[in-house]
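**Q** To be precise about what I am sending: the file is called target.cif and holds mmCIF, N, CA, C and O atoms.
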data_work
loop_
_atom_site.group_PDB
_atom_site.id
_atom_site.type_symbol
_atom_site.label_atom_id
_atom_site.label_comp_id
_atom_site.auth_asym_id
_atom_site.auth_seq_id
_atom_site.Cartn_x
_atom_site.Cartn_y
_atom_site.Cartn_z
ATOM 1 N N MET X 1 0.820 -1.182 0.000
ATOM 2 C CA MET X 1 0.000 0.000 0.000
ATOM 3 C C MET X 1 0.878 1.264 0.000
ATOM 4 O O MET X 1 0.603 2.202 -0.730
ATOM 5 N N ALA X 2 1.919 1.251 0.813
ATOM 6 C CA ALA X 2 2.794 2.423 0.898
ATOM 7 C C ALA X 2 3.461 2.702 -0.448
ATOM 8 O O ALA X 2 3.554 3.860 -0.878
ATOM 9 N N ARG X 3 3.914 1.633 -1.110
ATOM 10 C CA ARG X 3 4.570 1.809 -2.414
ATOM 11 C C ARG X 3 3.601 2.412 -3.440
ATOM 12 O O ARG X 3 3.955 3.323 -4.171
ATOM 13 N N ARG X 4 2.372 1.913 -3.464
ATOM 14 C CA ARG X 4 1.403 2.436 -4.437
ATOM 15 C C ARG X 4 1.075 3.898 -4.169
ATOM 16 O O ARG X 4 0.942 4.691 -5.102
ATOM 17 N N LEU X 5 0.965 4.262 -2.920
ATOM 18 C CA LEU X 5 0.697 5.659 -2.567
ATOM 19 C C LEU X 5 1.867 6.555 -2.970
ATOM 20 O O LEU X 5 1.669 7.620 -3.568
ATOM 21 N N LEU X 6 3.087 6.116 -2.672
ATOM 22 C CA LEU X 6 4.268 6.898 -3.035
ATOM 23 C C LEU X 6 4.398 7.009 -4.556
ATOM 24 O O LEU X 6 4.675 8.103 -5.083
ATOM 25 N N GLU X 7 4.188 5.919 -5.268
ATOM 26 C CA GLU X 7 4.278 5.947 -6.734
ATOM 27 C C GLU X 7 3.214 6.864 -7.329
ATOM 28 O O GLU X 7 3.479 7.574 -8.310
ATOM 29 N N ALA X 8 2.019 6.883 -6.755
ATOM 30 C CA ALA X 8 0.970 7.785 -7.241
ATOM 31 C C ALA X 8 1.375 9.242 -7.037
ATOM 32 O O ALA X 8 1.164 10.085 -7.917
ATOM 33 N N ALA X 9 1.975 9.538 -5.902
ATOM 34 C CA ALA X 9 2.424 10.909 -5.634
ATOM 35 C C ALA X 9 3.543 11.308 -6.591
ATOM 36 O O ALA X 9 3.565 12.438 -7.111
ATOM 37 N N ILE X 10 4.466 10.391 -6.851
ATOM 38 C CA ILE X 10 5.561 10.676 -7.790
ATOM 39 C C ILE X 10 5.004 10.907 -9.190
ATOM 40 O O ILE X 10 5.399 11.861 -9.879
ATOM 41 N N ASN X 11 4.084 10.068 -9.645
ATOM 42 C CA ASN X 11 3.497 10.225 -10.974
ATOM 43 C C ASN X 11 2.738 11.544 -11.098
ATOM 44 O O ASN X 11 2.828 12.213 -12.140
ATOM 45 N N LEU X 12 2.022 11.920 -10.076
ATOM 46 C CA LEU X 12 1.321 13.200 -10.094
ATOM 47 C C LEU X 12 2.312 14.355 -10.192
ATOM 48 O O LEU X 12 2.103 15.295 -10.963
ATOM 49 N N ALA X 13 3.387 14.274 -9.445
ATOM 50 C CA ALA X 13 4.408 15.324 -9.499
ATOM 51 C C ALA X 13 5.023 15.416 -10.896
ATOM 52 O O ALA X 13 5.259 16.512 -11.409
ATOM 53 N N LYS X 14 5.271 14.271 -11.519
ATOM 54 C CA LYS X 14 5.846 14.252 -12.870
ATOM 55 C C LYS X 14 4.907 14.885 -13.891
ATOM 56 O O LYS X 14 5.360 15.475 -14.872
ATOM 57 N N GLU X 15 3.611 14.757 -13.657
ATOM 58 C CA GLU X 15 2.617 15.305 -14.589
ATOM 59 C C GLU X 15 2.319 16.781 -14.322
ATOM 60 O O GLU X 15 1.630 17.419 -15.123
ATOM 61 N N THR X 16 2.799 17.309 -13.228
ATOM 62 C CA THR X 16 2.503 18.681 -12.838
ATOM 63 C C THR X 16 3.608 19.613 -13.326
ATOM 64 O O THR X 16 4.774 19.441 -12.961
ATOM 65 N N GLU X 17 3.230 20.550 -14.143
ATOM 66 C CA GLU X 17 4.198 21.490 -14.714
ATOM 67 C C GLU X 17 4.882 22.284 -13.614
ATOM 68 O O GLU X 17 4.254 22.753 -12.669
ATOM 69 N N GLY X 18 6.198 22.402 -13.748
ATOM 70 C CA GLY X 18 6.965 23.228 -12.830
ATOM 71 C C GLY X 18 7.619 22.478 -11.678
ATOM 72 O O GLY X 18 8.500 23.012 -11.012
ATOM 73 N N ILE X 19 7.192 21.256 -11.417
ATOM 74 C CA ILE X 19 7.830 20.491 -10.342
ATOM 75 C C ILE X 19 9.053 19.781 -10.915
ATOM 76 O O ILE X 19 8.947 18.993 -11.848
ATOM 77 N N GLU X 20 10.211 20.090 -10.353
ATOM 78 C CA GLU X 20 11.466 19.545 -10.857
ATOM 79 C C GLU X 20 12.084 18.503 -9.933
ATOM 80 O O GLU X 20 12.913 17.709 -10.371
ATOM 81 N N GLN X 21 11.717 18.540 -8.653
ATOM 82 C CA GLN X 21 12.292 17.582 -7.724
ATOM 83 C C GLN X 21 11.358 17.353 -6.554
ATOM 84 O O GLN X 21 10.510 18.187 -6.249
ATOM 85 N N LEU X 22 11.521 16.185 -5.927
ATOM 86 C CA LEU X 22 10.785 15.855 -4.717
ATOM 87 C C LEU X 22 11.796 15.639 -3.603
ATOM 88 O O LEU X 22 12.869 15.071 -3.831
ATOM 89 N N MET X 23 11.461 16.098 -2.418
ATOM 90 C CA MET X 23 12.341 15.914 -1.269
ATOM 91 C C MET X 23 11.561 15.205 -0.176
ATOM 92 O O MET X 23 10.364 15.411 -0.024
ATOM 93 N N ILE X 24 12.263 14.352 0.564
ATOM 94 C CA ILE X 24 11.639 13.588 1.627
ATOM 95 C C ILE X 24 12.675 13.385 2.732
ATOM 96 O O ILE X 24 13.878 13.416 2.469
ATOM 97 N N THR X 25 12.198 13.214 3.939
ATOM 98 C CA THR X 25 13.096 12.881 5.040
ATOM 99 C C THR X 25 12.604 11.598 5.699
ATOM 100 O O THR X 25 11.416 11.275 5.654
ATOM 101 N N VAL X 26 13.551 10.878 6.296
ATOM 102 C CA VAL X 26 13.215 9.623 6.968
ATOM 103 C C VAL X 26 14.145 9.471 8.170
ATOM 104 O O VAL X 26 15.332 9.794 8.089
ATOM 105 N N VAL X 27 13.586 9.010 9.278
ATOM 106 C CA VAL X 27 14.413 8.744 10.452
ATOM 107 C C VAL X 27 15.441 7.676 10.071
ATOM 108 O O VAL X 27 15.107 6.665 9.446
ATOM 109 N N THR X 28 16.682 7.917 10.425
ATOM 110 C CA THR X 28 17.774 7.053 9.958
ATOM 111 C C THR X 28 17.639 5.598 10.412
ATOM 112 O O THR X 28 18.186 4.703 9.764
ATOM 113 N N THR X 29 16.919 5.346 11.475
ATOM 114 C CA THR X 29 16.756 3.966 11.949
ATOM 115 C C THR X 29 15.602 3.229 11.272
ATOM 116 O O THR X 29 15.431 2.031 11.490
ATOM 117 N N ASN X 30 14.841 3.917 10.430
ATOM 118 C CA ASN X 30 13.690 3.300 9.759
ATOM 119 C C ASN X 30 14.142 2.678 8.433
ATOM 120 O O ASN X 30 13.947 3.228 7.354
ATOM 121 N N GLU X 31 14.734 1.492 8.535
ATOM 122 C CA GLU X 31 15.300 0.828 7.358
ATOM 123 C C GLU X 31 14.232 0.459 6.326
ATOM 124 O O GLU X 31 14.492 0.492 5.124
ATOM 125 N N THR X 32 13.051 0.108 6.764
ATOM 126 C CA THR X 32 11.979 -0.262 5.836
ATOM 127 C C THR X 32 11.611 0.918 4.943
ATOM 128 O O THR X 32 11.533 0.788 3.718
ATOM 129 N N ALA X 33 11.395 2.075 5.538
ATOM 130 C CA ALA X 33 11.034 3.269 4.764
ATOM 131 C C ALA X 33 12.190 3.700 3.870
ATOM 132 O O ALA X 33 11.978 4.047 2.705
ATOM 133 N N LYS X 34 13.409 3.670 4.403
ATOM 134 C CA LYS X 34 14.566 4.051 3.579
ATOM 135 C C LYS X 34 14.676 3.146 2.358
ATOM 136 O O LYS X 34 14.933 3.616 1.246
ATOM 137 N N GLY X 35 14.462 1.854 2.546
ATOM 138 C CA GLY X 35 14.517 0.920 1.426
ATOM 139 C C GLY X 35 13.456 1.220 0.380
ATOM 140 O O GLY X 35 13.715 1.157 -0.826
ATOM 141 N N LEU X 36 12.255 1.556 0.831
ATOM 142 C CA LEU X 36 11.182 1.915 -0.095
ATOM 143 C C LEU X 36 11.567 3.150 -0.903
ATOM 144 O O LEU X 36 11.450 3.159 -2.136
ATOM 145 N N TYR X 37 12.024 4.185 -0.226
ATOM 146 C CA TYR X 37 12.363 5.433 -0.916
ATOM 147 C C TYR X 37 13.508 5.224 -1.905
ATOM 148 O O TYR X 37 13.465 5.726 -3.034
ATOM 149 N N LEU X 38 14.522 4.479 -1.498
ATOM 150 C CA LEU X 38 15.631 4.190 -2.414
ATOM 151 C C LEU X 38 15.149 3.421 -3.635
ATOM 152 O O LEU X 38 15.539 3.727 -4.767
ATOM 153 N N SER X 39 14.282 2.433 -3.428
ATOM 154 C CA SER X 39 13.804 1.610 -4.544
ATOM 155 C C SER X 39 12.905 2.396 -5.495
ATOM 156 O O SER X 39 12.737 2.012 -6.650
ATOM 157 N N CYS X 40 12.333 3.498 -5.018
ATOM 158 C CA CYS X 40 11.487 4.339 -5.870
ATOM 159 C C CYS X 40 12.294 5.434 -6.583
ATOM 160 O O CYS X 40 11.735 6.165 -7.391
ATOM 161 N N GLY X 41 13.579 5.537 -6.274
ATOM 162 C CA GLY X 41 14.416 6.481 -7.001
ATOM 163 C C GLY X 41 14.925 7.672 -6.204
ATOM 164 O O GLY X 41 15.612 8.530 -6.751
ATOM 165 N N PHE X 42 14.625 7.750 -4.926
ATOM 166 C CA PHE X 42 15.163 8.833 -4.101
ATOM 167 C C PHE X 42 16.630 8.542 -3.792
ATOM 168 O O PHE X 42 17.021 7.380 -3.654
ATOM 169 N N ILE X 43 17.419 9.603 -3.692
ATOM 170 C CA ILE X 43 18.834 9.445 -3.349
ATOM 171 C C ILE X 43 19.143 10.295 -2.113
ATOM 172 O O ILE X 43 18.655 11.417 -1.983
ATOM 173 N N PRO X 44 19.938 9.751 -1.191
ATOM 174 C CA PRO X 44 20.285 10.512 0.007
ATOM 175 C C PRO X 44 21.291 11.614 -0.318
ATOM 176 O O PRO X 44 22.150 11.442 -1.186
ATOM 177 N N TYR X 45 21.154 12.742 0.373
ATOM 178 C CA TYR X 45 22.119 13.824 0.167
ATOM 179 C C TYR X 45 22.601 14.449 1.471
ATOM 180 O O TYR X 45 23.433 15.349 1.456
ATOM 181 N N GLY X 46 22.122 13.972 2.596
ATOM 182 C CA GLY X 46 22.605 14.520 3.856
ATOM 183 C C GLY X 46 21.848 13.957 5.043
ATOM 184 O O GLY X 46 20.880 13.211 4.893
ATOM 185 N N THR X 47 22.325 14.322 6.215
ATOM 186 C CA THR X 47 21.697 13.894 7.463
ATOM 187 C C THR X 47 21.523 15.097 8.370
ATOM 188 O O THR X 47 22.457 15.887 8.535
ATOM 189 N N GLU X 48 20.346 15.240 8.916
ATOM 190 C CA GLU X 48 20.084 16.280 9.900
ATOM 191 C C GLU X 48 20.143 15.622 11.279
ATOM 192 O O GLU X 48 19.288 14.811 11.626
ATOM 193 N N LYS X 49 21.177 15.958 12.012
ATOM 194 C CA LYS X 49 21.381 15.381 13.336
ATOM 195 C C LYS X 49 20.342 15.912 14.316
ATOM 196 O O LYS X 49 19.977 17.083 14.278
ATOM 197 N N ARG X 50 19.852 15.025 15.173
ATOM 198 C CA ARG X 50 18.901 15.381 16.226
ATOM 199 C C ARG X 50 17.705 16.166 15.688
ATOM 200 O O ARG X 50 17.246 17.129 16.279
ATOM 201 N N ALA X 51 17.193 15.729 14.559
ATOM 202 C CA ALA X 51 16.099 16.438 13.884
ATOM 203 C C ALA X 51 14.783 16.321 14.638
ATOM 204 O O ALA X 51 13.951 17.230 14.577
ATOM 205 N N LEU X 52 14.589 15.208 15.324
ATOM 206 C CA LEU X 52 13.344 14.969 16.059
ATOM 207 C C LEU X 52 13.657 14.612 17.505
ATOM 208 O O LEU X 52 14.676 13.985 17.785
ATOM 209 N N LYS X 53 12.765 15.006 18.383
ATOM 210 C CA LYS X 53 12.872 14.608 19.788
ATOM 211 C C LYS X 53 11.527 14.034 20.212
ATOM 212 O O LYS X 53 10.491 14.679 20.076
ATOM 213 N N TYR X 54 11.558 12.807 20.722
ATOM 214 C CA TYR X 54 10.341 12.130 21.167
ATOM 215 C C TYR X 54 10.663 11.371 22.449
ATOM 216 O O TYR X 54 11.625 10.592 22.479
ATOM 217 N N ASN X 55 9.872 11.596 23.465
ATOM 218 C CA ASN X 55 10.100 10.954 24.763
ATOM 219 C C ASN X 55 11.544 11.126 25.246
ATOM 220 O O ASN X 55 12.196 10.171 25.658
ATOM 221 N N GLU X 56 12.031 12.344 25.122
ATOM 222 C CA GLU X 56 13.382 12.700 25.593
ATOM 223 C C GLU X 56 14.503 11.997 24.829
ATOM 224 O O GLU X 56 15.641 11.978 25.275
ATOM 225 N N GLU X 57 14.200 11.434 23.669
ATOM 226 C CA GLU X 57 15.214 10.800 22.842
ATOM 227 C C GLU X 57 15.282 11.512 21.495
ATOM 228 O O GLU X 57 14.254 11.834 20.908
ATOM 229 N N TYR X 58 16.495 11.750 21.012
ATOM 230 C CA TYR X 58 16.695 12.428 19.734
ATOM 231 C C TYR X 58 16.868 11.419 18.609
ATOM 232 O O TYR X 58 17.417 10.335 18.812
ATOM 233 N N TYR X 59 16.412 11.813 17.422
ATOM 234 C CA TYR X 59 16.519 10.976 16.229
ATOM 235 C C TYR X 59 17.084 11.805 15.080
ATOM 236 O O TYR X 59 16.686 12.954 14.883
ATOM 237 N N ASP X 60 17.990 11.202 14.326
ATOM 238 C CA ASP X 60 18.529 11.840 13.125
ATOM 239 C C ASP X 60 17.598 11.542 11.953
ATOM 240 O O ASP X 60 16.932 10.500 11.923
ATOM 241 N N GLU X 61 17.580 12.454 10.986
ATOM 242 C CA GLU X 61 16.814 12.233 9.762
ATOM 243 C C GLU X 61 17.735 12.260 8.554
ATOM 244 O O GLU X 61 18.629 13.099 8.473
ATOM 245 N N GLU X 62 17.516 11.335 7.639
ATOM 246 C CA GLU X 62 18.236 11.317 6.370
ATOM 247 C C GLU X 62 17.422 12.128 5.370
ATOM 248 O O GLU X 62 16.205 11.954 5.251
ATOM 249 N N LEU X 63 18.094 13.024 4.671
ATOM 250 C CA LEU X 63 17.461 13.874 3.668
ATOM 251 C C LEU X 63 17.637 13.190 2.313
ATOM 252 O O LEU X 63 18.721 12.768 1.953
ATOM 253 N N MET X 64 16.524 13.107 1.554
ATOM 254 C CA MET X 64 16.558 12.415 0.265
ATOM 255 C C MET X 64 15.872 13.277 -0.793
ATOM 256 O O MET X 64 14.975 14.054 -0.479
ATOM 257 N N VAL X 65 16.328 13.108 -2.031
ATOM 258 C CA VAL X 65 15.772 13.888 -3.139
ATOM 259 C C VAL X 65 15.581 12.979 -4.361
ATOM 260 O O VAL X 65 16.295 11.994 -4.532
ATOM 261 N N MET X 66 14.596 13.344 -5.170
ATOM 262 C CA MET X 66 14.386 12.703 -6.473
ATOM 263 C C MET X 66 14.267 13.829 -7.496
ATOM 264 O O MET X 66 13.384 14.684 -7.388
ATOM 265 N N PHE X 67 15.171 13.822 -8.476
ATOM 266 C CA PHE X 67 15.115 14.813 -9.547
ATOM 267 C C PHE X 67 14.227 14.273 -10.660
ATOM 268 O O PHE X 67 14.419 13.155 -11.126
ATOM 269 N N LEU X 68 13.250 15.059 -11.061
ATOM 270 C CA LEU X 68 12.264 14.593 -12.053
ATOM 271 C C LEU X 68 12.648 14.928 -13.480
ATOM 272 O O LEU X 68 12.069 14.387 -14.410
ATOM 273 N N SER X 69 13.596 15.832 -13.652
ATOM 274 C CA SER X 69 13.987 16.199 -15.033
ATOM 275 C C SER X 69 15.412 15.829 -15.317
ATOM 276 O O SER X 69 16.152 15.444 -14.473
#
Show me, as structure tokens, the structure contained in the file I just sent.
**A**
Amino acid sequence: MARRLLEAAINLAKETEGIEQLMITVVTTNETAKGLYLSCGFIPYGTEKRALKYNEEYYDEELMVMFLS
């Protein structure tokens, strides 16, 4: 279900004039989501350290981009 939703969003972006890239972030420990994004064509370009704080614990986020043109 997640893959179909992501692919639908990517296809809509490709059909929309003026959109050149998509950006997404994922918590670095979420290997399932990272694998999905990589398999759909997103590429990592950086890490935001301590991007999220939940229950007094910090989480890093991986920054990812997909260039449409």
**Q** Write out as number ranges by chain the residues lying within 4.5 Å of segment 40-51 of chain X, counting only N, CA, C and O atoms and excluding same-chain residues fewer than 6 positions away.
**A** X: 59-66
**Q** Mind listing the alpha helix (DSSP H) residues of chain X, per DSSP on the backbone, as a PyMOL selection string?
**A** chain X and resi 2-15+31-39
**Q** Starting from 3 Å padding per side, set up an axis-aligned box that covers all listed atoms of segment 15-19 of chain X and hand over centre and edge lengths in Å, one decimal, as JSON.
**A**
{"center_x": 5.3, "center_y": 19.0, "center_z": -12.7, "size_x": 13.4, "size_y": 14.5, "size_z": 10.8}
**Q** Provide the atom CA of Thr29 of chain X to atom CA of Leu5 of chain X distance in Å, to one decimal place.
**A**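 A separation of 21.7 Å between them.
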**Q** Please report the interatomic distance between atom O of Tyr54 of chain X and atom C of Gly35 of chain X in Å with one decimal.
**A**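 Between atom O of Tyr54 of chain X and atom C of Gly35 of chain X the gap works out to 24.1 Å.
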